[in-house]
file protein-v2.cif (mmCIF, C-alpha atoms)
data_my_file
#
loop_
_atom_site.label_atom_id
_atom_site.label_comp_id
_atom_site.auth_asym_id
_atom_site.auth_seq_id
_atom_site.Cartn_x
_atom_site.Cartn_y
_atom_site.Cartn_z
CA MET A 1 1.56 16.58 46.43
CA SER A 2 3.10 16.55 42.97
CA GLN A 3 3.63 13.34 41.04
CA ASP A 4 7.38 13.57 41.74
CA GLU A 5 6.76 14.08 45.48
CA ALA A 6 4.33 11.17 45.57
CA ALA A 7 6.89 8.93 43.92
CA ALA A 8 9.54 9.99 46.45
CA ASP A 9 7.32 9.58 49.57
CA THR A 10 8.26 6.22 51.11
CA SER A 11 7.24 6.96 54.68
CA GLY A 12 4.24 4.69 54.51
CA GLY A 13 2.56 6.78 57.23
CA PRO A 14 -1.14 7.54 57.54
CA ALA A 15 -0.93 10.71 55.50
CA ALA A 16 0.67 8.85 52.64
CA ALA A 17 -1.88 6.08 52.84
CA MET A 18 -4.95 8.31 53.03
CA GLY A 19 -3.82 11.08 50.69
CA SER A 20 -6.29 13.98 50.61
CA ALA A 21 -8.61 12.31 53.11
CA VAL A 22 -6.45 13.75 55.89
CA GLY A 23 -6.76 17.48 56.46
CA PRO A 24 -3.77 19.76 56.17
CA SER A 25 -3.34 19.83 59.96
CA GLY A 26 -3.56 16.06 60.23
CA ARG A 27 -6.37 16.38 62.81
CA GLY A 28 -9.29 15.19 60.72
CA THR A 29 -10.62 14.28 57.35
CA VAL A 30 -12.05 16.29 54.52
CA PRO A 31 -14.58 14.99 52.02
CA PRO A 32 -13.16 13.76 48.71
CA GLU A 33 -13.16 16.26 45.87
CA PRO A 34 -16.04 15.88 43.42
CA PRO A 35 -15.15 14.43 40.03
CA VAL A 36 -14.01 16.95 37.47
CA PRO A 37 -16.73 17.47 34.86
CA PRO A 38 -15.84 16.89 31.20
CA ASP A 39 -14.00 19.79 29.65
CA PRO A 40 -16.51 21.49 27.32
CA GLU A 41 -13.63 22.36 25.04
CA ARG A 42 -12.78 18.67 24.70
CA ARG A 43 -16.15 17.25 23.76
CA GLN A 44 -15.72 14.51 21.19
CA ALA A 45 -17.60 13.10 18.24
CA ILE A 46 -16.91 10.39 15.71
CA GLY A 47 -16.44 11.74 12.19
CA ILE A 48 -16.72 9.46 9.17
CA ASP A 49 -15.85 10.08 5.52
CA ILE A 50 -17.26 7.48 3.12
CA GLY A 51 -15.20 7.28 -0.06
CA GLY A 52 -15.37 5.07 -3.11
CA THR A 53 -12.44 2.91 -1.95
CA LYS A 54 -12.14 3.54 1.80
CA ILE A 55 -14.08 4.58 4.88
CA ALA A 56 -12.01 6.92 7.04
CA ALA A 57 -13.12 7.65 10.59
CA GLY A 58 -11.77 9.46 13.60
CA VAL A 59 -12.57 10.78 17.04
CA VAL A 60 -12.50 14.56 16.80
CA ALA A 61 -12.51 17.14 19.61
CA THR A 62 -14.33 20.46 19.47
CA GLY A 63 -11.18 22.28 18.36
CA GLY A 64 -10.90 20.08 15.27
CA GLU A 65 -8.11 17.88 16.63
CA ILE A 66 -8.19 14.24 15.55
CA ILE A 67 -7.60 12.18 18.69
CA ASP A 68 -7.80 8.76 17.11
CA ARG A 69 -8.42 7.40 13.63
CA THR A 70 -9.15 4.20 11.78
CA LEU A 71 -9.58 3.14 8.17
CA VAL A 72 -11.35 0.24 6.45
CA PRO A 73 -11.92 -0.52 2.76
CA THR A 74 -15.27 0.38 1.25
CA PRO A 75 -16.86 -2.96 0.33
CA PRO A 76 -16.59 -3.38 -3.47
CA VAL A 77 -20.11 -4.71 -3.89
CA GLU A 78 -23.39 -3.47 -5.30
CA ASP A 79 -25.30 -4.33 -2.13
CA GLN A 80 -25.31 -1.42 0.33
CA GLU A 81 -25.68 -3.57 3.46
CA PRO A 82 -21.95 -4.44 3.66
CA THR A 83 -21.15 -0.71 3.49
CA VAL A 84 -23.47 -0.03 6.45
CA ALA A 85 -21.87 -2.93 8.32
CA ALA A 86 -18.39 -1.50 7.65
CA ILE A 87 -19.50 1.90 8.98
CA ARG A 88 -20.86 0.27 12.13
CA GLU A 89 -17.57 -1.56 12.52
CA VAL A 90 -15.51 1.64 12.60
CA ILE A 91 -18.00 3.27 14.99
CA ASP A 92 -17.83 0.29 17.38
CA THR A 93 -14.04 0.28 17.23
CA LEU A 94 -13.75 3.96 18.08
CA ARG A 95 -16.46 3.91 20.77
CA THR A 96 -14.66 1.07 22.52
CA ARG A 97 -11.52 3.18 22.71
CA HIS A 98 -13.34 6.48 23.35
CA PRO A 99 -16.60 5.84 25.22
CA THR A 100 -17.15 9.57 25.85
CA ALA A 101 -17.74 10.27 22.15
CA GLU A 102 -21.20 11.81 22.19
CA ALA A 103 -22.31 12.03 18.57
CA ILE A 104 -21.67 10.78 15.04
CA GLY A 105 -21.17 12.80 11.87
CA VAL A 106 -20.95 11.29 8.40
CA GLY A 107 -19.90 12.79 5.08
CA ALA A 108 -20.93 10.81 2.01
CA ALA A 109 -20.64 11.45 -1.71
CA GLY A 110 -23.82 11.93 -3.67
CA LEU A 111 -27.24 13.41 -3.08
CA VAL A 112 -27.89 13.52 0.66
CA GLU A 113 -31.25 14.68 1.96
CA TRP A 114 -30.94 17.22 4.79
CA PRO A 115 -31.65 16.98 7.66
CA GLY A 116 -33.06 13.48 7.22
CA GLY A 117 -29.69 12.00 6.29
CA ARG A 118 -31.02 9.78 3.52
CA ILE A 119 -28.47 9.13 0.76
CA ILE A 120 -30.65 9.26 -2.31
CA TRP A 121 -28.13 8.46 -5.02
CA ALA A 122 -24.42 8.60 -5.76
CA PRO A 123 -22.73 8.11 -9.13
CA HIS A 124 -19.67 6.30 -7.71
CA ASN A 125 -21.18 4.24 -4.85
CA ALA A 126 -23.74 1.46 -4.54
CA TYR A 127 -26.19 3.02 -2.13
CA ARG A 128 -29.62 4.13 -3.25
CA GLN A 129 -32.31 5.61 -0.96
CA LEU A 130 -30.22 4.62 2.06
CA PRO A 131 -31.64 5.98 5.37
CA LEU A 132 -28.18 6.11 6.90
CA ARG A 133 -28.88 8.61 9.66
CA ARG A 134 -31.77 6.54 10.99
CA LEU A 135 -29.83 3.27 10.75
CA LEU A 136 -26.84 4.63 12.65
CA TYR A 137 -28.94 6.29 15.32
CA GLU A 138 -30.98 3.14 15.88
CA GLY A 139 -27.82 1.03 15.98
CA THR A 140 -25.79 3.23 18.34
CA GLY A 141 -28.21 5.45 20.27
CA LEU A 142 -26.00 8.45 19.50
CA PRO A 143 -27.21 11.67 17.87
CA THR A 144 -26.21 11.42 14.21
CA VAL A 145 -25.93 13.77 11.25
CA VAL A 146 -25.31 12.73 7.65
CA ASP A 147 -24.36 15.26 4.98
CA ASN A 148 -22.69 15.47 1.59
CA ASP A 149 -18.94 14.92 1.88
CA ALA A 150 -18.03 18.18 0.15
CA ASN A 151 -20.28 20.02 2.60
CA THR A 152 -18.46 18.46 5.53
CA ALA A 153 -15.08 19.34 4.00
CA ALA A 154 -16.22 22.92 3.42
CA TRP A 155 -17.39 23.17 7.03
CA ALA A 156 -14.02 21.91 8.28
CA GLU A 157 -12.13 24.48 6.22
CA ALA A 158 -14.49 27.23 7.44
CA CYS A 159 -14.12 26.23 11.10
CA PHE A 160 -10.49 25.15 11.30
CA GLY A 161 -8.72 25.65 7.96
CA ALA A 162 -8.25 28.13 5.15
CA GLY A 163 -11.63 29.80 5.74
CA VAL A 164 -11.31 30.63 9.44
CA GLY A 165 -12.76 34.07 10.07
CA VAL A 166 -14.30 34.31 6.59
CA GLY A 167 -18.09 34.42 6.32
CA HIS A 168 -18.53 33.56 2.64
CA VAL A 169 -16.45 30.66 1.30
CA VAL A 170 -16.66 28.44 -1.77
CA LEU A 171 -14.86 25.10 -1.58
CA LEU A 172 -14.20 22.85 -4.56
CA THR A 173 -12.71 19.40 -4.04
CA VAL A 174 -10.89 18.38 -7.21
CA GLY A 175 -9.95 14.73 -7.34
CA THR A 176 -11.37 11.76 -9.23
CA GLY A 177 -14.51 13.89 -9.43
CA ILE A 178 -15.39 17.40 -8.30
CA GLY A 179 -17.43 18.23 -5.25
CA GLY A 180 -18.35 21.57 -3.77
CA GLY A 181 -19.53 23.22 -0.61
CA LEU A 182 -20.80 26.74 0.05
CA VAL A 183 -20.51 28.55 3.38
CA LEU A 184 -22.60 31.71 3.09
CA GLY A 185 -22.97 34.08 5.99
CA GLY A 186 -21.24 31.58 8.26
CA GLN A 187 -23.76 28.83 7.43
CA LEU A 188 -23.62 25.85 5.11
CA TYR A 189 -25.88 26.36 2.13
CA ARG A 190 -27.67 23.17 1.15
CA GLY A 191 -30.76 24.34 -0.73
CA ALA A 192 -34.32 23.41 0.11
CA THR A 193 -33.75 19.68 0.74
CA GLY A 194 -29.98 19.29 0.96
CA LEU A 195 -29.35 18.67 -2.73
CA GLY A 196 -27.83 22.09 -3.50
CA ALA A 197 -24.20 23.05 -4.16
CA GLU A 198 -23.49 20.17 -6.58
CA VAL A 199 -20.98 22.40 -8.31
CA GLY A 200 -19.21 19.51 -10.01
CA HIS A 201 -22.33 18.98 -12.09
CA MET A 202 -22.76 22.50 -13.38
CA THR A 203 -22.67 22.36 -17.17
CA VAL A 204 -19.70 24.38 -18.38
CA ASP A 205 -19.52 22.99 -21.93
CA PRO A 206 -22.69 21.44 -23.43
CA ASP A 207 -20.55 19.93 -26.19
CA GLY A 208 -17.99 18.58 -23.73
CA ASP A 209 -17.07 15.12 -22.51
CA PRO A 210 -19.62 12.77 -20.94
CA CYS A 211 -19.89 12.79 -17.16
CA ALA A 212 -20.49 9.81 -14.86
CA CYS A 213 -23.81 11.43 -13.93
CA GLY A 214 -25.09 11.01 -17.50
CA ASN A 215 -24.83 14.62 -18.66
CA LEU A 216 -22.33 16.22 -21.02
CA GLY A 217 -19.77 18.86 -20.18
CA CYS A 218 -20.17 18.98 -16.40
CA LEU A 219 -17.37 20.71 -14.54
CA GLU A 220 -16.36 17.28 -13.22
CA ALA A 221 -16.13 15.92 -16.76
CA MET A 222 -13.87 18.79 -17.84
CA ALA A 223 -11.68 19.62 -14.83
CA SER A 224 -11.23 16.55 -12.60
CA GLY A 225 -8.46 14.00 -12.27
CA THR A 226 -10.53 11.67 -14.40
CA ALA A 227 -10.70 14.36 -17.10
CA LEU A 228 -6.94 14.85 -16.93
CA GLY A 229 -6.28 11.15 -17.44
CA ARG A 230 -8.74 10.95 -20.33
CA ALA A 231 -7.15 13.97 -22.03
CA GLY A 232 -3.72 12.44 -21.45
CA ARG A 233 -4.70 9.20 -23.18
CA ARG A 234 -6.02 11.14 -26.16
CA ALA A 235 -2.79 13.10 -26.39
CA ALA A 236 -0.67 9.96 -26.09
CA ALA A 237 -2.68 8.19 -28.79
CA ALA A 238 -2.06 11.14 -31.10
CA ASP A 239 1.69 11.01 -30.30
CA PRO A 240 2.60 7.43 -29.37
CA GLY A 241 6.30 8.32 -29.35
CA GLY A 242 5.81 11.23 -26.96
CA ARG A 243 6.74 11.49 -23.30
CA LEU A 244 3.28 10.61 -21.98
CA ALA A 245 3.20 7.26 -23.78
CA GLN A 246 6.81 6.60 -22.79
CA LEU A 247 6.13 7.15 -19.10
CA ALA A 248 2.93 5.08 -19.11
CA GLY A 249 4.26 2.29 -21.33
CA ALA A 250 1.32 2.60 -23.72
CA PRO A 251 -1.08 5.39 -24.74
CA ASP A 252 -4.08 3.73 -23.12
CA ALA A 253 -2.21 3.42 -19.78
CA VAL A 254 -1.82 7.17 -19.23
CA THR A 255 -3.31 8.45 -15.96
CA GLY A 256 -3.54 11.84 -14.36
CA GLU A 257 -0.49 10.97 -12.27
CA VAL A 258 1.49 10.30 -15.45
CA VAL A 259 0.45 13.66 -16.88
CA PHE A 260 1.58 15.36 -13.66
CA GLN A 261 4.96 13.64 -13.78
CA ALA A 262 5.47 14.65 -17.41
CA ALA A 263 4.44 18.23 -16.64
CA GLN A 264 6.96 18.39 -13.80
CA GLU A 265 9.61 17.29 -16.28
CA GLY A 266 8.61 20.18 -18.54
CA ASP A 267 6.85 18.17 -21.24
CA PRO A 268 4.94 20.76 -23.31
CA THR A 269 2.02 18.45 -24.09
CA ALA A 270 1.46 17.66 -20.43
CA ARG A 271 1.68 21.33 -19.50
CA GLU A 272 -0.89 22.19 -22.14
CA LEU A 273 -3.21 19.58 -20.66
CA PHE A 274 -2.92 21.29 -17.28
CA GLU A 275 -3.65 24.63 -18.95
CA GLN A 276 -6.86 23.15 -20.37
CA LEU A 277 -7.83 21.55 -17.05
CA GLY A 278 -7.22 24.77 -15.13
CA PHE A 279 -9.12 26.77 -17.73
CA TRP A 280 -12.29 24.75 -17.23
CA LEU A 281 -11.90 24.84 -13.48
CA GLY A 282 -11.62 28.62 -13.66
CA VAL A 283 -14.74 28.84 -15.83
CA GLY A 284 -16.64 27.00 -13.13
CA ILE A 285 -15.18 29.20 -10.38
CA ALA A 286 -16.16 32.32 -12.33
CA SER A 287 -19.78 31.20 -12.37
CA LEU A 288 -19.72 30.59 -8.63
CA VAL A 289 -18.12 33.96 -7.96
CA SER A 290 -20.73 35.70 -10.12
CA LEU A 291 -23.56 33.88 -8.32
CA PHE A 292 -22.44 34.00 -4.69
CA ASP A 293 -19.82 36.77 -4.38
CA PRO A 294 -17.59 34.82 -1.95
CA GLU A 295 -14.71 36.30 -0.02
CA LEU A 296 -12.55 33.22 -0.61
CA VAL A 297 -12.34 30.22 -2.95
CA VAL A 298 -10.67 27.14 -1.48
CA ILE A 299 -9.45 24.26 -3.63
CA GLY A 300 -9.08 20.85 -1.99
CA GLY A 301 -8.88 17.29 -3.21
CA GLY A 302 -5.99 15.29 -4.61
CA LEU A 303 -5.24 17.55 -7.56
CA VAL A 304 -4.45 20.54 -5.36
CA ALA A 305 -1.07 18.85 -4.84
CA THR A 306 -0.21 19.87 -8.40
CA GLY A 307 -0.05 23.46 -7.18
CA ASP A 308 0.22 26.27 -9.68
CA LEU A 309 0.09 23.90 -12.64
CA LEU A 310 -3.63 23.80 -11.87
CA LEU A 311 -4.24 27.00 -9.91
CA GLU A 312 -2.56 29.57 -12.17
CA PRO A 313 -4.70 28.84 -15.26
CA ALA A 314 -7.76 28.51 -13.00
CA ARG A 315 -7.18 31.98 -11.57
CA ALA A 316 -6.65 33.41 -15.06
CA ALA A 317 -9.91 31.91 -16.37
CA MET A 318 -11.82 33.09 -13.30
CA GLU A 319 -10.59 36.61 -13.90
CA ARG A 320 -11.53 36.45 -17.57
CA TYR A 321 -15.06 35.11 -17.12
CA THR A 322 -16.35 36.58 -13.85
CA PHE A 323 -19.19 39.03 -14.35
CA ALA A 324 -18.32 42.77 -14.10
CA ARG A 325 -14.64 42.08 -13.59
CA PRO A 326 -13.52 45.74 -14.00
CA HIS A 327 -15.83 46.82 -11.21
CA ARG A 328 -15.13 44.29 -8.46
CA GLU A 329 -12.45 42.69 -6.36
CA LEU A 330 -11.99 38.99 -7.03
CA PRO A 331 -11.61 36.52 -4.17
CA PRO A 332 -8.30 34.76 -3.61
CA VAL A 333 -8.13 31.17 -4.86
CA VAL A 334 -6.10 29.22 -2.31
CA PRO A 335 -5.29 25.59 -1.48
CA ALA A 336 -7.17 23.88 1.33
CA LEU A 337 -5.27 23.39 4.57
CA LEU A 338 -6.79 20.25 6.08
CA GLY A 339 -6.06 17.75 3.33
CA HIS A 340 -7.81 14.43 2.99
CA GLU A 341 -9.08 14.45 6.59
CA ALA A 342 -11.27 17.54 6.12
CA GLY A 343 -14.35 15.44 5.46
CA LEU A 344 -14.30 13.49 8.72
CA VAL A 345 -13.28 16.58 10.74
CA GLY A 346 -16.15 18.60 9.29
CA ALA A 347 -18.64 15.79 9.84
CA ALA A 348 -17.68 15.59 13.51
CA ALA A 349 -17.87 19.37 13.82
CA LEU A 350 -21.41 19.33 12.45
CA ALA A 351 -22.35 16.60 14.92
CA LEU A 352 -20.98 18.71 17.80
CA GLY A 353 -22.73 21.86 16.60
CA THR A 354 -19.47 23.74 16.00
CA ARG A 355 -19.96 27.20 14.53
CA ALA A 356 -17.75 28.79 11.91
#
call {"tool": "encode", "arguments": {"input": "protein-v2.cif", "output": "structure tokens"}}
result
Amino acid sequence: MSQDEAAADTSGGPAAAMGSAVGPSGRGTVPPEPPVPPDPERRQAIGIDIGGTKIAAGVVATGGEIIDRTLVPTPPVEDQEPTVAAIREVIDTLRTRHPTAEAIGVGAAGLVEWPGGRIIWAPHNAYRQLPLRRLLYEGTGLPTVVDNDANTAAWAEACFGAGVGVGHVVLLTVGTGIGGGLVLGGQLYRGATGLGAEVGHMTVDPDGDPCACGNLGCLEAMASGTALGRAGRRAAAADPGGRLAQLAGAPDAVTGEVVFQAAQEGDPTARELFEQLGFWLGVGIASLVSLFDPELVVIGGGLVATGDLLLEPARAAMERYTFARPHRELPPVVPALLGHEAGLVGAAALALGTRA
């Protein structure tokens, strides 16, 4: 009986009352149908992306669909215990609404030991030597994986985004900092202990700007949103009557967003800053292409929204500096498809054992 037929049946007779317990002839009963087993294509895990200002979490199905999501602020304290408590809070919230979630995946910035899931150190967060995988498993009883957040984003793009069907992918996330993930031969490359693929901390200019990690001239220091804002403030200080200072209100108030706005207006100084930023990004990409020979380079993170202002000079610098350029095909450099939710989607996919 369809739902419409059931709604229309007002006879109140035995067949209506007993439903499928009465056989089709009405002469006897049939055993109730066994419960339908869970759809293997709809297995679910909780994915979590720990950022510097927020903890984003969601329930993700095996096809990469986000079924439910929640968001809480990252505690602005030096003590790591409130951060762990906030993570437990989002897990408890989502498990209450989705009790069939069978595993937990976490993406976190910084050096993450694999497969142990210990967050050793992160330049922008408070945790140090944090055994997060063990703590979450002991607190929830669910199988748990913890990986670097750029790795989880790369895995999401490989499984469900720009890298679907591609075996060798380099992902760079360009935002406040720069992260990176490598999918080589359909597998995440992490190095011997999980500390590999920190592409944002490759030195591209030993005489360059200081990085939050303590080194000079890291790719992150030269090609991130932080670098764009710093270069914008320098340019505004040199030209306090220019468009950058006008938009910001003062030279020392210039941010990367202000530089982007000025560039969209056609301001030549702002456009030159994007040329410089893209140049350094392309230098870093060229090194990765020379090392790993990927089929595809994917750019994610907040700055990808600036489009060709960033990507055109990056592609040009990659072409200029890649080894043996006349004798090889270069990989396309394309924007990521999954946006800011790639990290939690990829973390859940790792927890479910999804393959690229």
call {"tool": "residues_around", "arguments": {"input": "protein-v2.cif", "residues": "region 256-271 of chain A", "least_positions_apart": "6", "cutoff": "6 Å", "atoms": "all atoms listed in the file", "output": "ChimeraX atom specification"}}
result
/A:225,228-229
call {"tool": "resolve_selection", "arguments": {"input": "protein-v2.cif", "expression": "the PyMOL selection byres ((chain A and resi 101) around 8)", "output": "list in words"}}
result
Arg43, Gln44, Ala45, Ile46, Val59, Arg95, His98, Pro99, Thr100, Glu102 and Ala103 of chain A
call {"tool": "resolve_selection", "arguments": {"input": "protein-v2.cif", "expression": "the PyMOL selection byres ((chain A and resi 294) around 9)", "output": "MDAnalysis selection string"}}
result
chainID A and resid 167:170 182:184 288:293 295:297 330:331
call {"tool": "closest_residue", "arguments": {"input": "protein-v2.cif", "among": "A:Gly214, A:Val204, A:Pro73, A:Ile299", "to": "Ala86 (chain A)", "atoms": "all atoms listed in the file"}}
result
A:Pro73
call {"tool": "resolve_selection", "arguments": {"input": "protein-v2.cif", "expression": "the PyMOL selection byres ((chain A and resi 303) around 8)", "output": "VMD selection string"}}
result
chain A and resid 174 to 175 224 to 225 300 to 302 304 to 307 310
call {"tool": "atom_distance", "arguments": {"input": "protein-v2.cif", "atom1": "CA of Thr62 (chain A)", "atom2": "CA of Gly180 (chain A)"}}
result
23.6 Å
call {"tool": "closest_residue", "arguments": {"input": "protein-v2.cif", "among": "A:Arg134, A:Thr70, A:Ala122, A:Thr152", "to": "Leu344 (chain A)", "atoms": "all atoms listed in the file"}}
result
A:Thr152
call {"tool": "residues_around", "arguments": {"input": "protein-v2.cif", "residues": "Ala336 (chain A)", "least_positions_apart": "5", "cutoff": "10 Å", "atoms": "all atoms listed in the file", "output": "list in words"}}
result
Ala153, Ala154, Ala156, Glu157, Gly161, Ala162, Gly163, Leu171, Leu172, Thr173, Val297, Val298, Ile299, Gly300, Gly301, Val304 and Ala342 of chain A
call {"tool": "residues_around", "arguments": {"input": "protein-v2.cif", "residues": "Leu132 (chain A)", "least_positions_apart": "4", "cutoff": "8 Å", "atoms": "all atoms listed in the file", "output": "list in words"}}
result
Val84, Gly117, Arg118, Ile119, Leu136 and Val146 of chain A
call {"tool": "closest_residue", "arguments": {"input": "protein-v2.cif", "among": "A:Gly282, A:Gly139, A:Pro123, A:Gly110", "to": "Ala212 (chain A)", "atoms": "all atoms listed in the file"}}
result
A:Pro123
call {"tool": "atom_distance", "arguments": {"input": "protein-v2.cif", "atom1": "CA of Gly217 (chain A)", "atom2": "CA of Met318 (chain A)"}}
result
17.7 Å
call {"tool": "closest_residue", "arguments": {"input": "protein-v2.cif", "among": "A:Gly249, A:Glu275, A:Trp280, A:Leu352", "to": "Ala221 (chain A)", "atoms": "all atoms listed in the file"}}
result
A:Trp280
call {"tool": "atom_distance", "arguments": {"input": "protein-v2.cif", "atom1": "CA of Leu135 (chain A)", "atom2": "CA of Arg88 (chain A)"}}
result
9.6 Å
call {"tool": "closest_residue", "arguments": {"input": "protein-v2.cif", "among": "A:Leu244, A:Ile87, A:Val254, A:Cys213", "to": "Thr74 (chain A)", "atoms": "all atoms listed in the file"}}
result
A:Ile87
call {"tool": "axis_aligned_box", "arguments": {"input": "protein-v2.cif", "around": "region 272-279 of chain A", "padding_each_side": "4 Å", "output": "lines of an AutoDock Vina configuration file"}}
result
center_x = -5.0
center_y = 23.2
center_z = -18.6
size_x = 16.2
size_y = 15.2
size_z = 15.0
call {"tool": "residues_around", "arguments": {"input": "protein-v2.cif", "residues": "Gly241 (chain A)", "least_positions_apart": "6", "cutoff": "12 Å", "atoms": "only C-alpha atoms", "output": "ChimeraX atom specification"}}
result
/A:235,247-251
call {"tool": "closest_residue", "arguments": {"input": "protein-v2.cif", "among": "A:Gly185, A:Gly200, A:Gly105, A:Gly191", "to": "Ser287 (chain A)", "atoms": "all atoms listed in the file"}}
result
A:Gly200
call {"tool": "residues_near_point", "arguments": {"input": "protein-v2.cif", "point": "(-31.6, 5.9, 0.9)", "cutoff": "6 Å", "atoms": "all atoms listed in the file", "output": "number ranges by chain"}}
result
A: 118-120, 128-131
call {"tool": "residues_around", "arguments": {"input": "protein-v2.cif", "residues": "Tyr127 (chain A)", "least_positions_apart": "6", "cutoff": "9 Å", "atoms": "only C-alpha atoms", "output": "list in words"}}
result
Glu78, Asp79, Gln80, Glu81, Thr83, Ile119, Ile120 and Trp121 of chain A
call {"tool": "build_atoms", "arguments": {"input": "protein-v2.cif", "residues": "region 190-207 of chain A", "atoms": "N, CA and C atoms", "output": "CSV table (one decimal), in the frame of the given file"}}
result
chain,number,residue,atom,x,y,z
A,190,ARG,N,-27.3,24.5,1.7
A,190,ARG,CA,-27.7,23.2,1.2
A,190,ARG,C,-28.9,23.2,0.2
A,191,GLY,N,-29.5,24.3,0.1
A,191,GLY,CA,-30.8,24.3,-0.7
A,191,GLY,C,-31.9,23.9,0.1
A,192,ALA,N,-33.1,23.7,-0.6
A,192,ALA,CA,-34.3,23.4,0.1
A,192,ALA,C,-34.3,22.0,0.8
A,193,THR,N,-33.7,21.0,0.2
A,193,THR,CA,-33.8,19.7,0.7
A,193,THR,C,-32.4,19.1,1.0
A,194,GLY,N,-31.3,19.8,0.8
A,194,GLY,CA,-30.0,19.3,1.0
A,194,GLY,C,-29.3,18.9,-0.3
A,195,LEU,N,-29.9,19.1,-1.5
A,195,LEU,CA,-29.4,18.7,-2.7
A,195,LEU,C,-28.6,19.8,-3.5
A,196,GLY,N,-28.5,21.0,-2.8
A,196,GLY,CA,-27.8,22.1,-3.5
A,196,GLY,C,-26.3,22.0,-3.5
A,197,ALA,N,-25.7,22.9,-4.1
A,197,ALA,CA,-24.2,23.0,-4.2
A,197,ALA,C,-23.5,21.9,-4.9
A,198,GLU,N,-24.2,21.2,-5.8
A,198,GLU,CA,-23.5,20.2,-6.6
A,198,GLU,C,-22.7,20.8,-7.7
A,199,VAL,N,-21.7,21.6,-7.3
A,199,VAL,CA,-21.0,22.4,-8.3
A,199,VAL,C,-20.3,21.6,-9.4
A,200,GLY,N,-19.9,20.4,-9.0
A,200,GLY,CA,-19.2,19.5,-10.0
A,200,GLY,C,-20.1,19.1,-11.2
A,201,HIS,N,-21.4,19.3,-11.0
A,201,HIS,CA,-22.3,19.0,-12.1
A,201,HIS,C,-23.0,20.2,-12.7
A,202,MET,N,-22.4,21.4,-12.5
A,202,MET,CA,-22.8,22.5,-13.4
A,202,MET,C,-22.3,22.2,-14.8
A,203,THR,N,-23.1,22.5,-15.8
A,203,THR,CA,-22.7,22.4,-17.2
A,203,THR,C,-21.8,23.6,-17.6
A,204,VAL,N,-20.6,23.3,-17.9
A,204,VAL,CA,-19.7,24.4,-18.4
A,204,VAL,C,-19.5,24.3,-19.9
A,205,ASP,N,-19.7,23.2,-20.5
A,205,ASP,CA,-19.5,23.0,-21.9
A,205,ASP,C,-20.5,22.0,-22.4
A,206,PRO,N,-21.7,22.4,-23.0
A,206,PRO,CA,-22.7,21.4,-23.4
A,206,PRO,C,-22.2,20.5,-24.5
A,207,ASP,N,-21.1,20.8,-25.2
A,207,ASP,CA,-20.6,19.9,-26.2
A,207,ASP,C,-19.3,19.2,-25.7
